[in-house]
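Novice: TSV, C-alpha atoms, saved as model25.tsv, coming up:
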chain	number	residue	atom	x	y	z
P	26	MET	CA	39.15	-113.55	-129.32
P	27	THR	CA	39.36	-113.87	-125.53
P	28	ASN	CA	37.96	-116.77	-123.54
P	29	GLU	CA	35.86	-114.54	-121.30
P	30	THR	CA	32.34	-115.93	-120.96
P	31	VAL	CA	29.93	-113.12	-121.77
P	32	LEU	CA	26.67	-115.07	-121.55
P	33	ASP	CA	25.98	-118.20	-119.52
P	34	VAL	CA	22.42	-119.59	-119.58
P	35	LYS	CA	21.56	-122.56	-117.36
P	36	ASP	CA	18.36	-124.63	-117.08
P	37	LEU	CA	16.25	-121.92	-118.76
P	38	LYS	CA	12.54	-122.65	-118.88
P	39	THR	CA	10.05	-120.25	-120.46
P	40	TYR	CA	6.45	-121.46	-120.45
P	41	PHE	CA	3.25	-119.97	-121.83
P	42	TYR	CA	0.07	-120.57	-119.83
P	43	LEU	CA	-2.87	-120.93	-122.21
P	44	ASP	CA	-6.57	-120.29	-121.56
P	45	ASP	CA	-7.56	-123.98	-121.47
P	46	ASN	CA	-5.09	-124.75	-118.63
P	47	GLN	CA	-2.52	-126.07	-121.08
P	48	VAL	CA	1.15	-125.18	-120.75
P	49	ALA	CA	3.28	-124.49	-123.82
P	50	LYS	CA	6.89	-125.33	-122.92
P	51	ALA	CA	8.45	-123.04	-125.52
P	52	VAL	CA	11.91	-123.17	-123.93
P	53	ASP	CA	12.63	-126.15	-121.70
P	54	ASP	CA	15.92	-126.67	-119.86
P	55	VAL	CA	18.17	-124.75	-122.26
P	56	ASP	CA	21.88	-124.29	-121.49
P	57	LEU	CA	24.11	-122.12	-123.65
P	58	THR	CA	27.26	-120.02	-123.40
P	59	VAL	CA	28.73	-117.29	-125.60
P	60	ARG	CA	32.30	-116.08	-125.21
P	61	ALA	CA	33.79	-112.72	-126.16
P	62	GLY	CA	34.64	-112.55	-129.87
P	63	GLU	CA	32.71	-115.76	-130.59
P	64	THR	CA	29.76	-116.32	-132.94
P	65	VAL	CA	27.34	-118.95	-131.66
P	66	ALA	CA	24.58	-119.97	-134.07
P	67	LEU	CA	21.23	-121.15	-132.71
P	68	VAL	CA	19.52	-123.09	-135.50
P	69	GLY	CA	16.31	-125.02	-136.07
P	70	GLU	CA	12.95	-124.92	-137.82
P	71	SER	CA	10.32	-122.29	-137.07
P	72	GLY	CA	8.61	-123.20	-133.80
P	73	SER	CA	11.74	-124.69	-132.23
P	74	GLY	CA	12.00	-121.98	-129.55
P	75	LYS	CA	14.92	-119.94	-130.92
P	76	SER	CA	13.29	-116.50	-130.77
P	77	ILE	CA	11.70	-117.16	-127.35
P	78	THR	CA	15.18	-118.03	-126.07
P	79	SER	CA	16.53	-114.68	-127.29
P	80	LEU	CA	13.56	-112.74	-125.87
P	81	SER	CA	14.05	-114.54	-122.54
P	82	ILE	CA	17.67	-113.41	-122.42
P	83	MET	CA	16.52	-109.83	-123.07
P	84	GLN	CA	13.75	-110.16	-120.45
P	85	LEU	CA	11.10	-109.28	-123.04
P	86	ILE	CA	8.64	-112.12	-122.33
P	87	ASN	CA	5.08	-110.87	-121.89
P	88	LYS	CA	2.02	-112.62	-120.43
P	89	PRO	CA	0.86	-115.33	-120.78
P	90	GLY	CA	4.55	-116.22	-121.03
P	91	LYS	CA	6.77	-116.53	-117.96
P	92	ILE	CA	10.35	-117.54	-117.22
P	93	VAL	CA	9.74	-120.23	-114.61
P	94	ASN	CA	13.28	-121.44	-113.97
P	95	GLY	CA	16.92	-120.92	-114.78
P	96	GLU	CA	19.80	-118.51	-114.64
P	97	ILE	CA	20.81	-115.97	-117.28
P	98	SER	CA	24.26	-114.70	-116.38
P	99	LEU	CA	25.59	-111.73	-118.38
P	100	LEU	CA	29.13	-110.75	-117.44
P	101	GLY	CA	28.66	-112.65	-114.17
P	102	ARG	CA	25.39	-110.93	-113.27
P	103	ASN	CA	22.13	-112.93	-113.10
P	104	LEU	CA	19.61	-110.94	-115.17
P	105	LEU	CA	16.68	-112.77	-113.59
P	106	GLU	CA	17.48	-111.12	-110.25
P	107	LEU	CA	17.33	-107.57	-111.65
P	108	THR	CA	14.39	-105.19	-111.33
P	109	ASP	CA	12.69	-103.81	-114.46
P	110	LYS	CA	14.53	-100.51	-113.94
P	111	GLN	CA	17.91	-102.25	-113.65
P	112	MET	CA	17.18	-104.38	-116.71
P	113	THR	CA	16.35	-101.25	-118.73
P	114	LYS	CA	19.90	-100.03	-118.07
P	115	VAL	CA	21.35	-103.37	-119.20
P	116	ARG	CA	19.43	-103.48	-122.51
P	117	GLY	CA	21.21	-101.46	-125.17
P	118	ASN	CA	24.22	-100.96	-122.93
P	119	ASP	CA	25.59	-104.43	-122.06
P	120	VAL	CA	23.41	-106.46	-124.42
P	121	ALA	CA	21.70	-105.38	-127.65
P	122	MET	CA	19.40	-107.13	-130.09
P	123	ILE	CA	18.80	-106.87	-133.83
P	124	PHE	CA	15.33	-108.03	-134.83
P	125	GLN	CA	14.07	-109.80	-137.96
P	126	GLU	CA	12.21	-106.88	-139.49
P	127	PRO	CA	13.78	-103.44	-138.95
P	128	MET	CA	10.68	-101.59	-140.16
P	129	THR	CA	8.77	-102.82	-137.12
P	130	ALA	CA	11.73	-102.33	-134.74
P	131	LEU	CA	12.49	-98.75	-135.82
P	132	ASN	CA	10.08	-96.00	-134.78
P	133	PRO	CA	8.56	-94.54	-137.97
P	134	VAL	CA	7.96	-91.06	-136.47
P	135	TYR	CA	11.55	-90.37	-135.38
P	136	THR	CA	14.57	-89.84	-137.58
P	137	VAL	CA	17.29	-92.47	-137.66
P	138	GLY	CA	19.62	-89.99	-135.95
P	139	ASN	CA	17.18	-89.35	-133.11
P	140	GLN	CA	16.83	-93.06	-132.45
P	141	ILE	CA	20.59	-93.53	-132.17
P	142	MET	CA	20.94	-90.36	-130.11
P	143	GLU	CA	18.26	-91.51	-127.66
P	144	VAL	CA	20.30	-94.60	-126.76
P	145	LEU	CA	23.51	-92.60	-126.39
P	146	ARG	CA	21.96	-89.91	-124.22
P	147	LYS	CA	20.24	-92.50	-122.04
P	148	HIS	CA	23.20	-94.80	-121.44
P	149	LYS	CA	26.24	-92.56	-122.02
P	150	ASN	CA	24.93	-89.23	-120.68
P	151	MET	CA	26.07	-87.39	-123.81
P	152	SER	CA	24.97	-83.88	-124.71
P	153	LYS	CA	22.70	-83.51	-127.74
P	154	LYS	CA	25.63	-82.23	-129.82
P	155	GLN	CA	27.94	-85.07	-128.75
P	156	ALA	CA	25.24	-87.68	-129.41
P	157	ARG	CA	24.51	-86.29	-132.87
P	158	GLN	CA	28.19	-86.43	-133.87
P	159	ARG	CA	28.49	-89.96	-132.47
P	160	ALA	CA	25.35	-90.96	-134.44
P	161	ILE	CA	26.95	-89.68	-137.66
P	162	ASP	CA	30.17	-91.55	-136.86
P	163	LEU	CA	28.22	-94.76	-136.23
P	164	LEU	CA	26.31	-94.43	-139.50
P	165	LYS	CA	29.63	-94.04	-141.32
P	166	LEU	CA	30.99	-97.06	-139.47
P	167	VAL	CA	28.12	-99.30	-140.65
P	168	GLY	CA	28.50	-98.18	-144.26
P	169	PHE	CA	26.31	-95.14	-144.90
P	170	PRO	CA	28.09	-93.07	-147.61
P	171	ARG	CA	26.09	-89.93	-146.81
P	172	ALA	CA	25.78	-90.21	-143.03
P	173	GLU	CA	25.34	-86.43	-142.49
P	174	GLU	CA	22.12	-86.55	-144.54
P	175	THR	CA	20.91	-89.97	-143.31
P	176	VAL	CA	20.98	-88.82	-139.69
P	177	ASN	CA	18.00	-86.57	-140.54
P	178	GLU	CA	16.05	-89.17	-142.52
P	179	TYR	CA	13.14	-91.36	-141.41
P	180	PRO	CA	13.07	-95.18	-141.63
P	181	HIS	CA	10.64	-95.20	-144.58
P	182	GLN	CA	13.16	-93.23	-146.63
P	183	LEU	CA	15.72	-96.05	-146.39
P	184	SER	CA	15.93	-99.38	-148.21
P	185	GLY	CA	15.58	-102.64	-146.27
P	186	GLY	CA	19.34	-103.16	-146.16
P	187	MET	CA	19.97	-99.59	-145.00
P	188	ARG	CA	17.32	-99.94	-142.26
P	189	GLN	CA	19.08	-103.06	-141.01
P	190	ARG	CA	22.40	-101.15	-141.03
P	191	ALA	CA	20.70	-98.43	-138.96
P	192	MET	CA	19.55	-101.12	-136.51
P	193	ILE	CA	23.14	-102.35	-136.22
P	194	ALA	CA	24.31	-98.78	-135.57
P	195	ILE	CA	21.79	-98.49	-132.72
P	196	ALA	CA	22.77	-101.92	-131.37
P	197	ILE	CA	26.53	-101.22	-131.24
P	198	SER	CA	26.22	-97.56	-130.16
P	199	CYS	CA	27.12	-98.34	-126.53
P	200	ASP	CA	29.72	-101.04	-127.29
P	201	PRO	CA	27.70	-103.96	-125.87
P	202	LYS	CA	29.46	-107.14	-124.81
P	203	LEU	CA	26.72	-109.31	-126.30
P	204	LEU	CA	24.85	-108.84	-129.57
P	205	ILE	CA	21.82	-111.02	-130.32
P	206	ALA	CA	20.75	-111.14	-133.98
P	207	ASP	CA	17.37	-112.82	-134.53
P	208	GLU	CA	17.09	-113.78	-138.23
P	209	PRO	CA	18.66	-110.41	-139.14
P	210	THR	CA	18.60	-110.96	-142.92
P	211	THR	CA	15.23	-112.66	-143.46
P	212	ALA	CA	13.62	-109.90	-145.54
P	213	LEU	CA	16.74	-108.99	-147.55
P	214	ASP	CA	18.00	-110.20	-150.92
P	215	VAL	CA	21.04	-112.46	-151.05
P	216	THR	CA	23.63	-109.77	-151.88
P	217	ILE	CA	22.45	-107.48	-149.08
P	218	GLN	CA	22.28	-110.47	-146.68
P	219	ALA	CA	26.00	-111.11	-147.19
P	220	GLN	CA	26.84	-107.43	-146.63
P	221	ILE	CA	24.85	-107.29	-143.38
P	222	LEU	CA	26.36	-110.54	-142.06
P	223	ASP	CA	29.88	-109.41	-143.01
P	224	LEU	CA	29.22	-106.12	-141.21
P	225	MET	CA	28.03	-107.84	-138.02
P	226	SER	CA	31.03	-110.15	-138.08
P	227	GLU	CA	33.37	-107.18	-138.53
P	228	MET	CA	31.74	-105.27	-135.65
P	229	LYS	CA	31.96	-108.38	-133.45
P	230	ASP	CA	35.70	-108.64	-134.06
P	231	ARG	CA	36.31	-104.91	-133.71
P	232	LEU	CA	34.44	-104.62	-130.39
P	233	ASP	CA	35.31	-108.15	-129.11
P	234	MET	CA	31.61	-108.85	-128.59
P	235	GLY	CA	29.91	-112.19	-128.25
P	236	LEU	CA	27.41	-112.75	-131.09
P	237	LEU	CA	24.39	-115.03	-130.72
P	238	LEU	CA	23.11	-115.55	-134.28
P	239	ILE	CA	19.63	-117.04	-134.56
P	240	THR	CA	18.86	-118.47	-137.98
P	241	HIS	CA	17.34	-121.35	-139.91
P	242	ASP	CA	19.80	-120.84	-142.78
P	243	LEU	CA	22.56	-123.44	-142.56
P	244	GLY	CA	24.48	-121.67	-145.33
P	245	VAL	CA	24.80	-118.66	-143.01
P	246	VAL	CA	25.89	-120.97	-140.18
P	247	ALA	CA	28.57	-122.59	-142.34
P	248	GLU	CA	30.00	-119.19	-143.25
P	249	TYR	CA	29.87	-117.25	-139.98
P	250	ALA	CA	29.50	-119.47	-136.90
P	251	ASP	CA	32.21	-120.75	-134.57
P	252	ARG	CA	29.91	-123.06	-132.59
P	253	VAL	CA	26.43	-124.35	-133.39
P	254	LEU	CA	23.49	-125.17	-131.12
P	255	VAL	CA	20.72	-127.14	-132.82
P	256	MET	CA	17.31	-126.53	-131.23
P	257	TYR	CA	14.18	-128.64	-131.53
P	258	GLY	CA	11.00	-128.69	-129.45
P	259	GLY	CA	12.25	-126.04	-127.04
P	260	GLN	CA	15.46	-127.93	-126.25
P	261	ILE	CA	19.06	-128.07	-127.45
P	262	VAL	CA	19.43	-131.45	-129.19
P	263	GLU	CA	23.03	-131.05	-130.36
P	264	GLN	CA	25.92	-128.69	-129.84
P	265	ALA	CA	29.29	-128.76	-131.56
P	266	PRO	CA	31.98	-126.65	-133.18
P	267	LYS	CA	30.90	-125.80	-136.71
P	268	ARG	CA	33.52	-127.95	-138.44
P	269	HIS	CA	32.47	-131.06	-136.50
P	270	LEU	CA	28.75	-130.49	-136.94
P	271	PHE	CA	28.88	-130.26	-140.72
P	272	LYS	CA	31.39	-133.08	-141.10
P	273	ASP	CA	29.87	-135.53	-138.64
P	274	PRO	CA	26.36	-134.64	-137.34
P	275	LYS	CA	25.22	-136.82	-134.45
P	276	HIS	CA	21.52	-136.15	-133.84
P	277	PRO	CA	19.02	-137.52	-136.41
P	278	TYR	CA	17.42	-134.08	-136.58
P	279	THR	CA	20.74	-132.42	-137.45
P	280	GLU	CA	21.33	-135.12	-140.06
P	281	GLY	CA	17.93	-134.35	-141.58
P	282	LEU	CA	18.63	-130.62	-141.69
P	283	LEU	CA	21.96	-131.15	-143.45
P	284	GLU	CA	20.49	-133.66	-145.92
P	285	SER	CA	17.98	-131.01	-146.99
P	286	LEU	CA	20.80	-128.75	-148.20
P	287	PRO	CA	21.68	-128.74	-151.91
P	288	SER	CA	25.27	-129.73	-152.67
P	289	VAL	CA	27.55	-128.72	-155.54
P	290	HIS	CA	29.55	-131.93	-155.11
P	291	LYS	CA	26.83	-134.46	-155.90
P	292	GLU	CA	23.86	-134.71	-158.21
P	293	GLU	CA	20.53	-135.46	-156.57
P	294	GLU	CA	17.08	-135.66	-158.09
P	295	ARG	CA	15.44	-134.77	-154.78
P	296	LEU	CA	16.71	-133.12	-151.64
P	297	GLY	CA	16.25	-134.89	-148.33
P	298	THR	CA	13.25	-134.02	-146.17
P	299	ILE	CA	12.23	-134.53	-142.56
P	300	LYS	CA	8.75	-136.02	-142.41
P	301	GLY	CA	6.06	-134.26	-140.38
P	302	THR	CA	6.29	-130.91	-138.61
P	303	VAL	CA	7.48	-129.52	-135.29
P	304	PRO	CA	4.70	-130.29	-132.77
P	305	PRO	CA	3.15	-127.26	-131.01
P	306	ALA	CA	4.77	-126.46	-127.67
P	307	HIS	CA	1.67	-127.54	-125.67
P	308	LYS	CA	1.54	-130.94	-127.42
P	309	PHE	CA	5.09	-132.24	-127.19
P	310	PRO	CA	5.22	-136.05	-127.06
P	311	LYS	CA	5.90	-137.89	-123.81
P	312	GLY	CA	9.34	-139.13	-124.83
P	313	CYS	CA	11.91	-137.64	-127.18
P	314	ARG	CA	10.35	-134.64	-128.88
P	315	PHE	CA	11.70	-135.74	-132.25
P	316	SER	CA	10.55	-139.36	-131.89
P	317	SER	CA	7.52	-139.13	-134.22
P	318	ARG	CA	9.75	-137.83	-137.05
P	319	CYS	CA	12.89	-139.85	-136.35
P	320	PRO	CA	13.95	-142.72	-138.68
P	321	HIS	CA	15.95	-144.32	-135.83
P	322	ALA	CA	13.29	-144.15	-133.07
P	323	MET	CA	13.33	-147.04	-130.57
P	324	GLU	CA	10.68	-148.05	-128.04
P	325	LYS	CA	12.22	-146.06	-125.20
P	326	CYS	CA	12.35	-142.95	-127.38
P	327	PHE	CA	8.56	-142.77	-127.10
P	328	GLU	CA	8.60	-143.26	-123.31
P	329	THR	CA	11.20	-140.88	-121.84
P	330	ASN	CA	12.99	-137.81	-123.14
P	331	PRO	CA	16.80	-138.30	-123.21
P	332	GLU	CA	19.14	-135.93	-121.41
P	333	LEU	CA	21.73	-133.83	-123.23
P	334	MET	CA	24.83	-136.03	-123.04
P	335	ASP	CA	28.44	-134.91	-123.39
P	336	LEU	CA	30.32	-136.82	-126.10
P	337	ASP	CA	33.56	-134.94	-125.38
P	338	HIS	CA	34.45	-131.51	-124.00
P	339	GLU	CA	33.22	-129.80	-127.20
P	340	ARG	CA	30.23	-131.89	-128.25
P	341	ALA	CA	26.89	-132.89	-126.73
P	342	VAL	CA	23.79	-134.65	-128.08
P	343	ARG	CA	20.30	-135.46	-126.80
P	344	CYS	CA	19.76	-138.95	-128.23
P	345	TYR	CA	19.56	-142.58	-127.01
P	346	LEU	CA	21.71	-143.73	-129.94
P	347	TYR	CA	24.72	-142.61	-127.88
P	348	THR	CA	23.92	-144.24	-124.54
P	349	GLU	CA	25.91	-147.34	-123.51
P	350	ASP	CA	22.85	-149.59	-123.30
Could you rewrite the structure in this file as structure tokens?

Specialist:
Amino acid sequence: MTNETVLDVKDLKTYFYLDDNQVAKAVDDVDLTVRAGETVALVGESGSGKSITSLSIMQLINKPGKIVNGEISLLGRNLLELTDKQMTKVRGNDVAMIFQEPMTALNPVYTVGNQIMEVLRKHKNMSKKQARQRAIDLLKLVGFPRAEETVNEYPHQLSGGMRQRAMIAIAISCDPKLLIADEPTTALDVTIQAQILDLMSEMKDRLDMGLLLITHDLGVVAEYADRVLVMYGGQIVEQAPKRHLFKDPKHPYTEGLLESLPSVHKEEERLGTIKGTVPPAHKFPKGCRFSSRCPHAMEKCFETNPELMDLDHERAVRCYLYTED
């Protein structure tokens, strides 16, 4: 793993402007970095802003959504300054994304081979023959035992796990420097989940890519991540290397997430829970966005939202429990 920074996001704000003049602050002042060969996990409950963050990086936000502030630097190039045509060349080439449900991401009327070949011919200027052979090689690489036949098959002819493997083949076809995986194993059974995650990790190491893994599954995080960003209410509330986060969580929200995990080391009648739900993005509270659910909330937590504070060079937390006063 090199230390080259592949992705550097600063002060990212993505808002949705609703019909009744309300503003949903889906992503609000998010900073994150991903280095080459590194797996960064972005975790949190549904509604925390994880997927909107990934779609913002890919420049796939549609109206009424809009990126209103920030910088998204990929390999030193600010994606927010690119035209639509320039961004089309970046997607699939420098950065690729694997979506939650491959059946909706793959085109049902084209063969798997054609969909891989389309990317190769567009970004690598390959002939049809070259692209077809490369498509077969990629299918073999991601674990298809009969790649020569699969290249002519349609998505509906494949199982869920095989469709996700086909999505990975498309994603890595141009050797991207950044791979974003948005809940890539949600619809798969546990055995297939492990195979897909192992495959992505292997491809990341082989190609020295940065991997941004978006998930709500802390078991996946514990197994595959190098660093963890915990997201709540459109903001990063804690960031830490994996080993530190699981051993010594700092933010009350992170503590609640970890307490909800079953453990083989201790017997418990009931798992821990976090009371309440994530508030909708147009109704975030005035102060800390976790204040209404936090067991440690103080008066000022309801008045002003804390900044993300560095605890050391590796860790940061957004919580008044760690301020000097």

Novice: For range 224-239 of chain P, I'd like the enclosing box, axis-aligned and padded by 6 Å on every side, reported as JSON with centre and edge lengths in Å to one decimal.

Specialist:
{"center_x": 28.0, "center_y": -110.8, "center_z": -134.7, "size_x": 28.7, "size_y": 24.4, "size_z": 25.0}

Novice: Could you check which of P:Ala156, P:Ala265, P:Ile77, P:Leu204 is closest to Asp233 in chain P, using only C-alpha atoms?

Specialist: P:Leu204

Novice: Taking 5 positions as the minimum chain separation for residues in the same chain, which residues sit within 8 Å of range 243-258 of chain P when counting all atoms listed in the file? Answer as a PyMOL selection string.

Specialist: chain P and resi 51-52+63-70+72-75+222+226+238+263-267+270-271+279+283+286+303-304+306+309+314-315

Novice: Calculated over all atoms listed in the file, which of the candidates P:Lys154, P:Arg159, P:His241, P:Arg188 has the smallest distance to Thr136 in chain P?

Specialist: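 For Thr136 in chain P, the nearest of the given residues is P:Arg188.
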
Novice: Would you list the contacts of Thr210 in chain P as a PyMOL selection string, taking every protein, DNA or RNA residue within 8 Å and counting all atoms listed in the file, but skipping same-chain residues closer than 4 positions in sequence?

Specialist: chain P and resi 125+218+221-222

Novice: Have a look at CA of Leu296 in chain P and CA of Asp273 in chain P and let me know their distance in Å, one decimal.

Specialist: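 If I compute the distance from CA of Leu296 in chain P to CA of Asp273 in chain P, I get 18.7 Å.
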
Novice: So which residues fall inside 7 Å of (24.6, -104.1, -132.3) if we count all atoms listed in the file? Mind giving them as a PDB file with C-alpha atoms, keeping the file's coordinate frame?

Specialist:
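Result saved to part.pdb:
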ATOM      1  CA  ALA P 121      21.700-105.380-127.650  1.00  0.00           C
ATOM      2  CA  MET P 122      19.400-107.130-130.090  1.00  0.00           C
ATOM      3  CA  ILE P 123      18.800-106.870-133.830  1.00  0.00           C
ATOM      4  CA  ILE P 193      23.140-102.350-136.220  1.00  0.00           C
ATOM      5  CA  ALA P 194      24.310 -98.780-135.570  1.00  0.00           C
ATOM      6  CA  ILE P 195      21.790 -98.490-132.720  1.00  0.00           C
ATOM      7  CA  ALA P 196      22.770-101.920-131.370  1.00  0.00           C
ATOM      8  CA  ILE P 197      26.530-101.220-131.240  1.00  0.00           C
ATOM      9  CA  LEU P 204      24.850-108.840-129.570  1.00  0.00           C
TER      10      LEU P 204
END

Novice: Can you tell me how far CA of His321 in chain P sits from CA of Ile239 in chain P, in Å to one decimal?

Specialist: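 Going from CA of His321 in chain P over to CA of Ile239 in chain P covers 27.6 Å.
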
Novice: Need the shell around Gln189 in chain P: protein/DNA/RNA residues with any atom at most 6 Å away, counting all atoms listed in the file. Skip same-chain ones fewer than 3 positions apart. Format as a list of chain:residue names?

Specialist: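 The neighbour list is P:Pro127, P:Gly186, P:Met192.
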
Novice: Measuring between only C-alpha atoms, which one of P:Glu126, P:Asp36, P:Asp109, P:Glu178 shows the shortest distance to Asn139 in chain P?

Specialist: P:Glu178

Novice: Take CA of Phe327 in chain P and CA of Arg340 in chain P and report the distance between them in Å, one decimal.

Specialist: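 Result for CA of Phe327 in chain P versus CA of Arg340 in chain P: 24.3 Å, one decimal.
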
Novice: May I ask which of the residues P:Met151, P:Ile92, P:Asp242, P:Gln140 is the closest one to Val215 in chain P, counting all atoms listed in the file?

Specialist: P:Asp242

Novice: Taking only C-alpha atoms into account, name the residue in P:Met112, P:Ile205, P:Leu237, P:Val120 that is nearest to Leu100 in chain P.

Specialist: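 Ranked by minimum distance to Leu100 in chain P, first place goes to P:Val120.
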
Novice: Write out as a PyMOL selection string the residues lying within 12 Å of Arg102 in chain P, counting all atoms listed in the file and excluding same-chain residues fewer than 6 positions away.

Specialist: chain P and resi 30-34+96+111-112+115+119
